[in-house]
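**Student:** Have a look at the structure that comes next, please.
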Amino acid sequence: MQIALIGAGPRNLAILDRLIQKADSNQALTINIFDPYPVGGRVWNPFFENNQTYLMNTNPNQVTLFNDYDIGQRRGEDLTPNLLTWAQSYALPFLKQHHEYPMAYREEVLSLTSMTAYASRGLMGVYAAWFFEEILKNCPSNLSVRFHQVAVKSLLEANPGFNITTTDYNHFFADKVVLALGHLDAELSEKKKDLEKFAKEKGFHYYPASHPAENDFSSLNENDTVLVQGLGLSFFDDLLSLTAGKGGFFLTKKDGSLVYHPSGHEPHLIIGSGSGLPPRAHGLNQKGANELYQPRFFTLERMQRIAKDCGGHLPYNTFRHVLDQEMTYKYLTNQVNLLDKLSDTKKEEILDFLENPKNWQRVNEKFHLKLDVHISWEKEATPSRDVTSLSAFRKFFVQHLKEDIDSAALGNDKSPLTGAYDILRDVRGTVRTLYNDRLFDEDDYQKLLTDFKLFDTQLSVGPPLIRTRQLLALIKAKQVTIAGPNFSVAHDQQFFTATDRFDEHYQGTALIEARLGRPDFRTAKSPLLKSLRQHGLIVGDNRIINQDGTAPLANTIKVDLKTFTVYNKENQLIPNLFVTGVPLEGQSWFTTVIPRPHVQTIAFTEAATVVNQILSQ
């Protein structure tokens with residue numbers, strides 16, 4: 001059997017690992033893996049210089065590539081180190097054998113000693129390369145695996161099987177194909193083409209939405225004013241490159257805060273976004289590799305029972321009410337646990353009292369406390385909506401960062417606020433099951449894709465704490481100008497321009513869209529996806545229709561979510577053609593998750609499903 005895995009990121013590595021584990025020893029398999037980037041894929045490419053300093057957004061003890069979907073059935077030695085334990089054991093010998101990797105990674109593994117630290121994205125790519133070597137050592141003789149560092153430009157049905165052509169015009173045949181393409185660059189819209197044209201005419205610089213590690217900022221200097229649109233994770237990457245990457249440096253004060261010392265070569269940055277605020281910082285990690293918060297109210301069984309009682313549909317307002325209730329419970333109990341003057345016995349009495357939500361408003365009176373029992377999680381996600389002037393917003397922005405830093409420093413388990421935010425990360429599996437099982441009606445799916453997506457992103461998809469500290473230091477050093485919410489960019493005859501909610505106007509000589517593009521196979525630059533669209537082998541998902549007749553998931557490749565088999569334009573399944581991961585974002589909930597050990601992570605559950613299909617047909 002000939003199998004093609006297109007994409008060499010964590011998802012297809014999980015599929016490869018499981019194929020090696022599960023393949024029948026009597027069946028010959030040839031597995032060809034294709035990716036224009038090294039093993040590990042584009043995001044984690046260790047040869048991008050920026051990836052030596054850009055941080056992963058997950059602590060290293062919570063990152064693995066070893067498929068533990070059904071642990072204990074691995075062939076050969078049970079080598080399952082997570083990224084942290086690998087850095088502390090196998091990494092240095094591997095790097096000493098592979099001189100192609102920059103010396104920075106040797107220095108990094110020597111300093112990566114704690115689960116509170118963060119690894120660089122490039123080190124994740126080195127881990128992926130080591131992992132690839134390790135699983136091939138356990139590869140049985142009936143399996144042949146070859147990695148081709150080249151892109152696939154077309155895939156055509158051969159009836160049966162598929163013909164594959166790479167960009168270097170080599171041809172391959174496959175009986176089964178898995179596409180795990182990750183985030184892909186999009187063709188520029190007419191507005192973005194106009195921005196690009198304007199930049200070329202003026203000798204300015206325009207950076208459309210893309211992978212931040214690939215941005216070349218070498219031409220930007222102290223003579224430039226840069227408009228930065230977006231305050232999410234890509235923003236923090238760009239921020240580092242445009243400051244410390246220009247020769248400045250941060251010093252840590254005794255209280256843990258940072259001071260930035262500029263080199264004088266940094267461009268000035270004007271930053272803004274739709275919400276106007278960056279997402280909340282990740283708390284100092286206090287959780288083990290597989291340690292998840294155990295909900296008291298927001299359990300899968302309870303939510304499924306509510307859906308059953310409501311005729312098979314889970315009302316969005318009920319979903320949010322129960323989730324907010326869970327976060328409030330964590331918020332209150334963490335406040336109690338931080339009260340040093342209370343005995344352990346008294347704390348237990350109060351915590352027992354808080355197990356009933358009806359008691360929450362009475363807890364202060366009964367126990368003579370001053371707990372904050374009035375919390376609006378919606379306000380936590382959009383705290384600046386009532387600010388009415390730019391000067392007030394700028395003061396609010398700085399105070400917001402300070403409070404977020406203080407909260408995150410208390411830890412992702414013990415902090416009242418940050419501990420509650422972190423629940424959203426730990427219950428994603430429950431949300432995903434409710435979402436994938438179609439327990440919401442069409443209108444509520446739209447709310448999940450808009451309102452709840454924003455809520456979740458602002459509270460749980462933030463940067464490492466160090467990045468928020470760096471942003472505050474840069475603001476104090478006057479390297480950054482804060483713009484208001486509803487930050488919108490364009491250009492006039494002379495400059496890039498921007499406006500905000502307060503009708504303030506800004507000008508710049510460079511423009512950065514600091515974000516990844518929205519996953520949309522219809523506008524992707526990928527020659528492969530263009531070929532598949534042209535031949536009708538992929539189509540957008542039309543199974544959910546809004547009241548206005550639009551399909552909110554039409555940007556995603558339609559698959560059978562029980563098997564990940566692709567539908568063609570005739571709405572027929574194409575046997576043996578599978579798609580997983582980011583191109584399904586929206587059909588499945590929150591696909592951009594790095595594999596985590598021993599928690600039935602989505603990458604491993606998908607891999608199990610796809611491999612079962614491959615080997616059973």
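Each chain in the structure tokens gets a letter, A, B and so on, in the order shown; residues start at 1 in every chain, and ligands are counted from 1 in the order they appear.
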Need to verify the contact set: range 90-103 of chain A, 12 Å, only C-alpha atoms, exclusion of same-chain residues closer than 2 positions in sequence. Can you return it as a PyMOL selection string?

**Tutor:** chain A and resi 38+45-52+79-88+105-112+122-131+133-134

**Student:** Let me see the file: selected residues, N, CA and C atoms, as an mmCIF file, in the first residue's frame.

**Tutor:**
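Result went into part-v8.cif, see below:
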```cif
data_model
loop_
_atom_site.group_PDB
_atom_site.id
_atom_site.type_symbol
_atom_site.label_atom_id
_atom_site.label_comp_id
_atom_site.auth_asym_id
_atom_site.auth_seq_id
_atom_site.Cartn_x
_atom_site.Cartn_y
_atom_site.Cartn_z
ATOM 1 N N PRO A 38 11.306 21.748 6.798
ATOM 2 C CA PRO A 38 11.849 20.547 7.453
ATOM 3 C C PRO A 38 10.773 19.791 8.223
ATOM 4 N N ASN A 45 9.896 25.711 12.157
ATOM 5 C CA ASN A 45 11.123 25.593 11.377
ATOM 6 C C ASN A 45 12.330 26.109 12.178
ATOM 7 N N PRO A 46 13.264 25.238 12.564
ATOM 8 C CA PRO A 46 14.377 25.665 13.415
ATOM 9 C C PRO A 46 15.424 26.491 12.680
ATOM 10 N N PHE A 47 15.294 26.575 11.359
ATOM 11 C CA PHE A 47 16.286 27.316 10.580
ATOM 12 C C PHE A 47 15.846 28.746 10.282
ATOM 13 N N PHE A 48 14.619 29.114 10.676
ATOM 14 C CA PHE A 48 14.240 30.523 10.674
ATOM 15 C C PHE A 48 14.910 31.183 11.872
ATOM 16 N N GLU A 49 15.694 32.209 11.635
ATOM 17 C CA GLU A 49 16.436 32.839 12.733
ATOM 18 C C GLU A 49 15.488 33.347 13.823
ATOM 19 N N ASN A 50 14.336 33.894 13.417
ATOM 20 C CA ASN A 50 13.398 34.417 14.417
ATOM 21 C C ASN A 50 12.903 33.332 15.364
ATOM 22 N N ASN A 51 12.824 32.097 14.883
ATOM 23 C CA ASN A 51 12.309 31.020 15.722
ATOM 24 C C ASN A 51 13.267 30.624 16.834
ATOM 25 N N GLN A 52 14.464 31.180 16.830
ATOM 26 C CA GLN A 52 15.371 30.956 17.955
ATOM 27 C C GLN A 52 14.971 31.801 19.171
ATOM 28 N N LEU A 79 9.667 5.175 24.432
ATOM 29 C CA LEU A 79 10.321 6.479 24.498
ATOM 30 C C LEU A 79 9.254 7.563 24.347
ATOM 31 N N THR A 80 8.846 8.174 25.444
ATOM 32 C CA THR A 80 7.781 9.171 25.354
ATOM 33 C C THR A 80 8.114 10.451 26.106
ATOM 34 N N PRO A 81 9.289 11.019 25.943
ATOM 35 C CA PRO A 81 9.564 12.270 26.652
ATOM 36 C C PRO A 81 8.751 13.427 26.070
ATOM 37 N N ASN A 82 8.226 14.282 26.958
ATOM 38 C CA ASN A 82 7.645 15.520 26.468
ATOM 39 C C ASN A 82 8.777 16.490 26.120
ATOM 40 N N LEU A 83 8.429 17.655 25.651
ATOM 41 C CA LEU A 83 9.456 18.585 25.188
ATOM 42 C C LEU A 83 10.421 18.956 26.313
ATOM 43 N N LEU A 84 9.919 19.129 27.520
ATOM 44 C CA LEU A 84 10.787 19.508 28.633
ATOM 45 C C LEU A 84 11.735 18.378 29.023
ATOM 46 N N THR A 85 11.205 17.172 29.221
ATOM 47 C CA THR A 85 12.077 16.069 29.622
ATOM 48 C C THR A 85 13.042 15.689 28.504
ATOM 49 N N TRP A 86 12.628 15.882 27.245
ATOM 50 C CA TRP A 86 13.550 15.668 26.126
ATOM 51 C C TRP A 86 14.697 16.671 26.179
ATOM 52 N N ALA A 87 14.369 17.942 26.453
ATOM 53 C CA ALA A 87 15.411 18.969 26.522
ATOM 54 C C ALA A 87 16.418 18.651 27.622
ATOM 55 N N GLN A 88 15.954 17.987 28.664
ATOM 56 C CA GLN A 88 16.813 17.681 29.801
ATOM 57 C C GLN A 88 17.546 16.344 29.659
ATOM 58 N N TYR A 105 20.468 26.637 20.072
ATOM 59 C CA TYR A 105 19.623 25.580 20.633
ATOM 60 C C TYR A 105 20.356 24.782 21.715
ATOM 61 N N ARG A 106 21.655 24.627 21.589
ATOM 62 C CA ARG A 106 22.415 23.969 22.659
ATOM 63 C C ARG A 106 22.353 24.798 23.932
ATOM 64 N N GLU A 107 22.507 26.103 23.776
ATOM 65 C CA GLU A 107 22.432 26.985 24.937
ATOM 66 C C GLU A 107 21.033 26.944 25.552
ATOM 67 N N GLU A 108 20.010 26.849 24.695
ATOM 68 C CA GLU A 108 18.649 26.853 25.206
ATOM 69 C C GLU A 108 18.344 25.608 26.036
ATOM 70 N N VAL A 109 18.732 24.430 25.555
ATOM 71 C CA VAL A 109 18.381 23.215 26.296
ATOM 72 C C VAL A 109 19.091 23.168 27.645
ATOM 73 N N LEU A 110 20.241 23.808 27.746
ATOM 74 C CA LEU A 110 20.938 23.842 29.027
ATOM 75 C C LEU A 110 20.208 24.725 30.041
ATOM 76 N N SER A 111 19.424 25.684 29.531
ATOM 77 C CA SER A 111 18.732 26.604 30.431
ATOM 78 C C SER A 111 17.262 26.232 30.633
ATOM 79 N N LEU A 112 16.760 25.276 29.845
ATOM 80 C CA LEU A 112 15.344 24.911 29.931
ATOM 81 C C LEU A 112 15.174 23.861 31.028
ATOM 82 N N GLY A 122 11.724 27.261 17.467
ATOM 83 C CA GLY A 122 12.718 26.481 16.743
ATOM 84 C C GLY A 122 13.098 25.208 17.468
ATOM 85 N N LEU A 123 13.165 25.254 18.798
ATOM 86 C CA LEU A 123 13.512 24.046 19.553
ATOM 87 C C LEU A 123 12.432 22.988 19.375
ATOM 88 N N MET A 124 11.193 23.418 19.228
ATOM 89 C CA MET A 124 10.126 22.462 18.922
ATOM 90 C C MET A 124 10.409 21.766 17.593
ATOM 91 N N GLY A 125 10.951 22.496 16.628
ATOM 92 C CA GLY A 125 11.315 21.892 15.349
ATOM 93 C C GLY A 125 12.444 20.892 15.486
ATOM 94 N N VAL A 126 13.411 21.186 16.370
ATOM 95 C CA VAL A 126 14.496 20.229 16.627
ATOM 96 C C VAL A 126 13.938 18.974 17.289
ATOM 97 N N TYR A 127 13.037 19.156 18.237
ATOM 98 C CA TYR A 127 12.368 18.024 18.901
ATOM 99 C C TYR A 127 11.646 17.167 17.872
ATOM 100 N N ALA A 128 10.983 17.816 16.906
ATOM 101 C CA ALA A 128 10.276 17.066 15.865
ATOM 102 C C ALA A 128 11.245 16.240 15.022
ATOM 103 N N ALA A 129 12.407 16.816 14.701
ATOM 104 C CA ALA A 129 13.401 16.074 13.914
ATOM 105 C C ALA A 129 13.925 14.871 14.697
ATOM 106 N N TRP A 130 14.192 15.062 15.990
ATOM 107 C CA TRP A 130 14.635 13.942 16.832
ATOM 108 C C TRP A 130 13.547 12.876 16.911
ATOM 109 N N PHE A 131 12.320 13.313 17.113
ATOM 110 C CA PHE A 131 11.181 12.389 17.202
ATOM 111 C C PHE A 131 11.073 11.548 15.927
ATOM 112 N N GLU A 133 13.433 10.735 13.827
ATOM 113 C CA GLU A 133 14.503 9.735 13.841
ATOM 114 C C GLU A 133 14.170 8.580 14.789
ATOM 115 N N GLU A 134 13.621 8.906 15.952
ATOM 116 C CA GLU A 134 13.336 7.878 16.958
ATOM 117 C C GLU A 134 12.265 6.902 16.503
#
```

**Student:** Residues at most 12 Å from Leu454 in chain A, counting only C-alpha atoms, excluding those fewer than 2 positions away in the same chain, as a list in words?

**Tutor:**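 Result of the neighbour search: Gly232, Gly274, Ser275, Leu277, Pro278, Pro279, Glu378, Glu380, Ala381, Thr382, Lys447, Leu448, Leu449, Thr450, Asp451, Phe452, Asp456, Thr457, Gln458, Leu459, Ser460, Val461 and Gly462 of chain A.
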
**Student:** Convert the current residue selection to file output with C-alpha atoms, as a short mmCIF file (atom, residue, chain, number, x, y, z; two decimals), in the first residue's frame.

**Tutor:**
```cif
data_model
loop_
_atom_site.label_atom_id
_atom_site.label_comp_id
_atom_site.auth_asym_id
_atom_site.auth_seq_id
_atom_site.Cartn_x
_atom_site.Cartn_y
_atom_site.Cartn_z
CA GLY A 232 -2.58 38.85 19.44
CA GLY A 274 -10.42 45.74 16.98
CA SER A 275 -10.76 45.20 20.73
CA LEU A 277 -6.35 45.25 24.10
CA PRO A 278 -4.01 42.25 23.94
CA PRO A 279 -5.33 38.91 25.21
CA GLU A 378 -18.10 39.24 29.61
CA GLU A 380 -13.37 40.64 31.69
CA ALA A 381 -13.21 39.82 27.97
CA THR A 382 -14.19 43.35 26.84
CA LYS A 447 -22.65 32.93 18.32
CA LEU A 448 -19.97 30.31 19.03
CA LEU A 449 -18.01 31.31 15.94
CA THR A 450 -18.17 35.02 16.77
CA ASP A 451 -19.04 35.98 20.36
CA PHE A 452 -17.61 32.95 22.11
CA ASP A 456 -12.20 32.53 24.51
CA THR A 457 -9.39 34.21 22.58
CA GLN A 458 -9.20 37.25 24.83
CA LEU A 459 -9.12 35.26 28.05
CA SER A 460 -7.23 32.06 27.25
CA VAL A 461 -5.11 32.49 24.09
CA GLY A 462 -2.67 35.07 25.36
#
```

**Student:** Compile the contact shell of Lys153 in chain A as a short mmCIF file (atom, residue, chain, number, x, y, z; two decimals) with C-alpha atoms, in the first residue's frame: residues with an atom at most 8 Å away, counting only C-alpha atoms, same-chain residues fewer than 2 positions apart removed.

**Tutor:**
```cif
data_model
loop_
_atom_site.label_atom_id
_atom_site.label_comp_id
_atom_site.auth_asym_id
_atom_site.auth_seq_id
_atom_site.Cartn_x
_atom_site.Cartn_y
_atom_site.Cartn_z
CA ALA A 151 5.73 21.04 -1.92
CA LEU A 155 -3.25 15.75 -6.71
CA ILE A 164 0.74 13.36 -7.04
CA THR A 165 3.01 15.93 -8.69
CA THR A 166 5.51 17.96 -6.68
CA THR A 167 6.77 21.44 -7.49
CA SER A 526 -1.38 26.88 -2.26
CA PRO A 527 -1.07 25.39 -5.78
CA LEU A 528 -2.29 22.10 -4.32
CA SER A 531 -5.66 22.17 -8.13
#
```

**Student:** For Arg432 in chain A, which of A:Gly161, A:Gly586, A:Gly245, A:Gly549 is the closest residue, counting only C-alpha atoms?

**Tutor:**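 Smallest distance to Arg432 in chain A is found for A:Gly586.
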
**Student:** Could you tell me which of A:Leu553, A:Ser210, A:Ala23, A:Glu187 comes closest to Pro140 in chain A if we count only C-alpha atoms?

**Tutor:**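 Ranked by minimum distance to Pro140 in chain A, first place goes to A:Ala23.
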
**Student:** CA of Leu529 in chain A and CA of His205 in chain A are how many Å apart?

**Tutor:** 28.7 Å

**Student:** Tell me, as a ChimeraX atom specification, which residues lie within 10 Å of Ala608 in chain A, counting only C-alpha atoms; anything in the same chain fewer than 6 positions away does not count.

**Tutor:** /A:14-15,18-19,22,67-70,563,602,614

**Student:** Which residues come within 9 Å of His535 in chain A, counting only C-alpha atoms, excluding same-chain residues fewer than 4 positions away, as a PyMOL selection string?

**Tutor:** chain A and resi 156+530-531+569

**Student:** Keeping only N, CA and C atoms, write the selected residues as a PDB file, in the first residue's frame.

**Tutor:**
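Heads up, here's the output in out18.pdb:
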```
ATOM      1  N   LEU A 156      -4.439  14.333  -8.285  1.00  0.00           N
ATOM      2  CA  LEU A 156      -5.551  13.956  -9.158  1.00  0.00           C
ATOM      3  C   LEU A 156      -5.980  12.525  -8.864  1.00  0.00           C
ATOM      4  N   LYS A 530      -5.470  24.953  -4.999  1.00  0.00           N
ATOM      5  CA  LYS A 530      -6.034  25.457  -6.249  1.00  0.00           C
ATOM      6  C   LYS A 530      -6.344  24.313  -7.206  1.00  0.00           C
ATOM      7  N   SER A 531      -5.447  23.342  -7.267  1.00  0.00           N
ATOM      8  CA  SER A 531      -5.663  22.171  -8.126  1.00  0.00           C
ATOM      9  C   SER A 531      -6.868  21.370  -7.652  1.00  0.00           C
ATOM     10  N   LYS A 569     -17.294  18.010  -5.115  1.00  0.00           N
ATOM     11  CA  LYS A 569     -18.310  18.999  -5.467  1.00  0.00           C
ATOM     12  C   LYS A 569     -19.672  18.375  -5.738  1.00  0.00           C
TER      13      LYS A 569
END
```

**Student:** Please report, as a Markdown table, each residue of range 491-545 of chain A lying at most 9 Å from range 390-400 of chain A, together with the nearest pair of atoms and the separation in Å rounded to one decimal; use only C-alpha atoms, and order rows by chain and ascending residue number.

**Tutor:**
```
| residue | atom | partner | partner_atom | distance |
| --- | --- | --- | --- | --- |
| A:Arg501 | CA | A:Leu390 | CA | 8.6 |
| A:Phe502 | CA | A:Leu390 | CA | 6.1 |
| A:Glu504 | CA | A:Leu390 | CA | 7.9 |
```

**Student:** Would you write out those residues with N, CA and C atoms, as a PDB file, in the first residue's frame?

**Tutor:**
```pdb
ATOM      1  N   ARG A 501     -11.549  54.206  17.381  1.00  0.00           N
ATOM      2  CA  ARG A 501     -12.904  54.486  17.853  1.00  0.00           C
ATOM      3  C   ARG A 501     -13.071  55.930  18.303  1.00  0.00           C
ATOM      4  N   PHE A 502     -11.978  56.547  18.693  1.00  0.00           N
ATOM      5  CA  PHE A 502     -12.035  57.912  19.194  1.00  0.00           C
ATOM      6  C   PHE A 502     -11.769  58.934  18.091  1.00  0.00           C
ATOM      7  N   GLU A 504      -9.243  59.293  16.293  1.00  0.00           N
ATOM      8  CA  GLU A 504      -7.858  59.741  16.229  1.00  0.00           C
ATOM      9  C   GLU A 504      -7.247  59.237  14.928  1.00  0.00           C
TER      10      GLU A 504
END
```

**Student:** Near Ile466 in chain A, within 9 Å and counting only C-alpha atoms, which residues show up once chain neighbours fewer than 3 positions away are dropped, as a list in words?

**Tutor:**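 Skipping anything fewer than 3 positions along the chain leaves Ala281, Ile405, Pro463, Arg469, Gln470 and Leu471 of chain A.
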
**Student:** Create the file for the chosen residues now, containing all heavy atoms and written as a short mmCIF file (atom, residue, chain, number, x, y, z; two decimals), in the first residue's frame.

**Tutor:**
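Dumped everything to again07.cif:
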```cif
data_model
loop_
_atom_site.label_atom_id
_atom_site.label_comp_id
_atom_site.auth_asym_id
_atom_site.auth_seq_id
_atom_site.Cartn_x
_atom_site.Cartn_y
_atom_site.Cartn_z
N ALA A 281 -2.45 37.46 29.60
CA ALA A 281 -1.21 36.69 29.65
C ALA A 281 -1.46 35.32 30.27
O ALA A 281 -2.31 35.16 31.15
CB ALA A 281 -0.17 37.43 30.49
N ILE A 405 -0.56 41.38 34.65
CA ILE A 405 0.74 40.83 35.04
C ILE A 405 0.70 40.33 36.48
O ILE A 405 1.16 39.22 36.78
CB ILE A 405 1.84 41.90 34.86
CG1 ILE A 405 2.11 42.13 33.36
CG2 ILE A 405 3.13 41.50 35.58
CD1 ILE A 405 2.95 43.35 33.07
N PRO A 463 -0.31 35.56 25.44
CA PRO A 463 1.12 35.27 25.33
C PRO A 463 1.69 34.80 26.67
O PRO A 463 1.04 34.92 27.72
CB PRO A 463 1.69 36.64 24.97
CG PRO A 463 0.81 37.59 25.73
CD PRO A 463 -0.58 37.00 25.65
N ARG A 469 5.00 41.61 30.11
CA ARG A 469 5.93 42.46 30.85
C ARG A 469 6.78 43.30 29.88
O ARG A 469 7.06 44.48 30.13
CB ARG A 469 6.83 41.61 31.74
CG ARG A 469 6.14 41.09 33.00
CD ARG A 469 7.07 40.26 33.84
NE ARG A 469 6.54 40.05 35.18
CZ ARG A 469 6.67 38.93 35.87
NH1 ARG A 469 7.33 37.91 35.34
NH2 ARG A 469 6.16 38.82 37.08
N GLN A 470 7.21 42.69 28.78
CA GLN A 470 8.02 43.42 27.80
C GLN A 470 7.21 44.53 27.14
O GLN A 470 7.72 45.64 26.93
CB GLN A 470 8.55 42.44 26.75
CG GLN A 470 9.64 41.52 27.27
CD GLN A 470 10.00 40.41 26.30
OE1 GLN A 470 9.23 40.09 25.38
NE2 GLN A 470 11.14 39.79 26.51
N LEU A 471 5.95 44.26 26.84
CA LEU A 471 5.11 45.30 26.24
C LEU A 471 4.97 46.49 27.18
O LEU A 471 5.09 47.65 26.76
CB LEU A 471 3.73 44.72 25.90
CG LEU A 471 2.66 45.73 25.44
CD1 LEU A 471 3.13 46.49 24.20
CD2 LEU A 471 1.34 45.03 25.16
#
```

**Student:** Calculated over only C-alpha atoms, which of the candidates A:Phe249, A:Gly272, A:Leu13, A:Val579 has the smallest distance to Ser488 in chain A?

**Tutor:**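 Closest to Ser488 in chain A of all the choices is A:Gly272.
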
**Student:** Which of these, A:Asp437, A:Glu326, A:Glu442, A:Glu348, has the shortest distance to Tyr421 in chain A once you count only C-alpha atoms?

**Tutor:**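 Counting only C-alpha atoms, the residue closest to Tyr421 in chain A is A:Glu326.
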
**Student:** Run DSSP on the backbone and tell me which residues of range 305-517 of chain A come out as helix (DSSP H, G or I); list them as JSON, numbers by chain.

**Tutor:** {"A": [305, 306, 307, 308, 309, 316, 317, 318, 319, 320, 321, 322, 323, 324, 325, 326, 327, 328, 329, 330, 331, 332, 333, 334, 335, 336, 337, 344, 345, 346, 347, 348, 349, 350, 351, 352, 353, 354, 357, 358, 359, 360, 361, 362, 363, 364, 365, 366, 367, 377, 378, 379, 380, 381, 390, 391, 392, 393, 394, 395, 396, 397, 398, 399, 400, 401, 402, 403, 404, 405, 406, 407, 408, 409, 416, 417, 418, 419, 420, 421, 422, 423, 424, 425, 426, 428, 429, 430, 431, 432, 433, 434, 435, 436, 442, 443, 444, 445, 446, 447, 448, 449, 450, 451, 452, 453, 454, 455, 456, 457, 458, 459, 460, 465, 466, 467, 468, 469, 470, 471, 472, 473, 474, 475, 476]}

**Student:** Find, counting only C-alpha atoms, the residue in A:Arg518, A:Asp443, A:Glu365, A:Leu332 that gets nearest to Ala420 in chain A.

**Tutor:** A:Leu332

**Student:** For a test of reading the model, state the distance in Å between CA of Asp441 in chain A and CA of Leu292 in chain A, rounded to one decimal.

**Tutor:** 28.8 Å

**Student:** From the DSSP assignment of the backbone, select every residue of range 1-144 of chain A that is strand (DSSP E or B), and format the answer as JSON, numbers by chain.

**Tutor:** {"A": [2, 3, 4, 5, 6, 29, 30, 31, 32, 33, 34, 55, 120, 143, 144]}
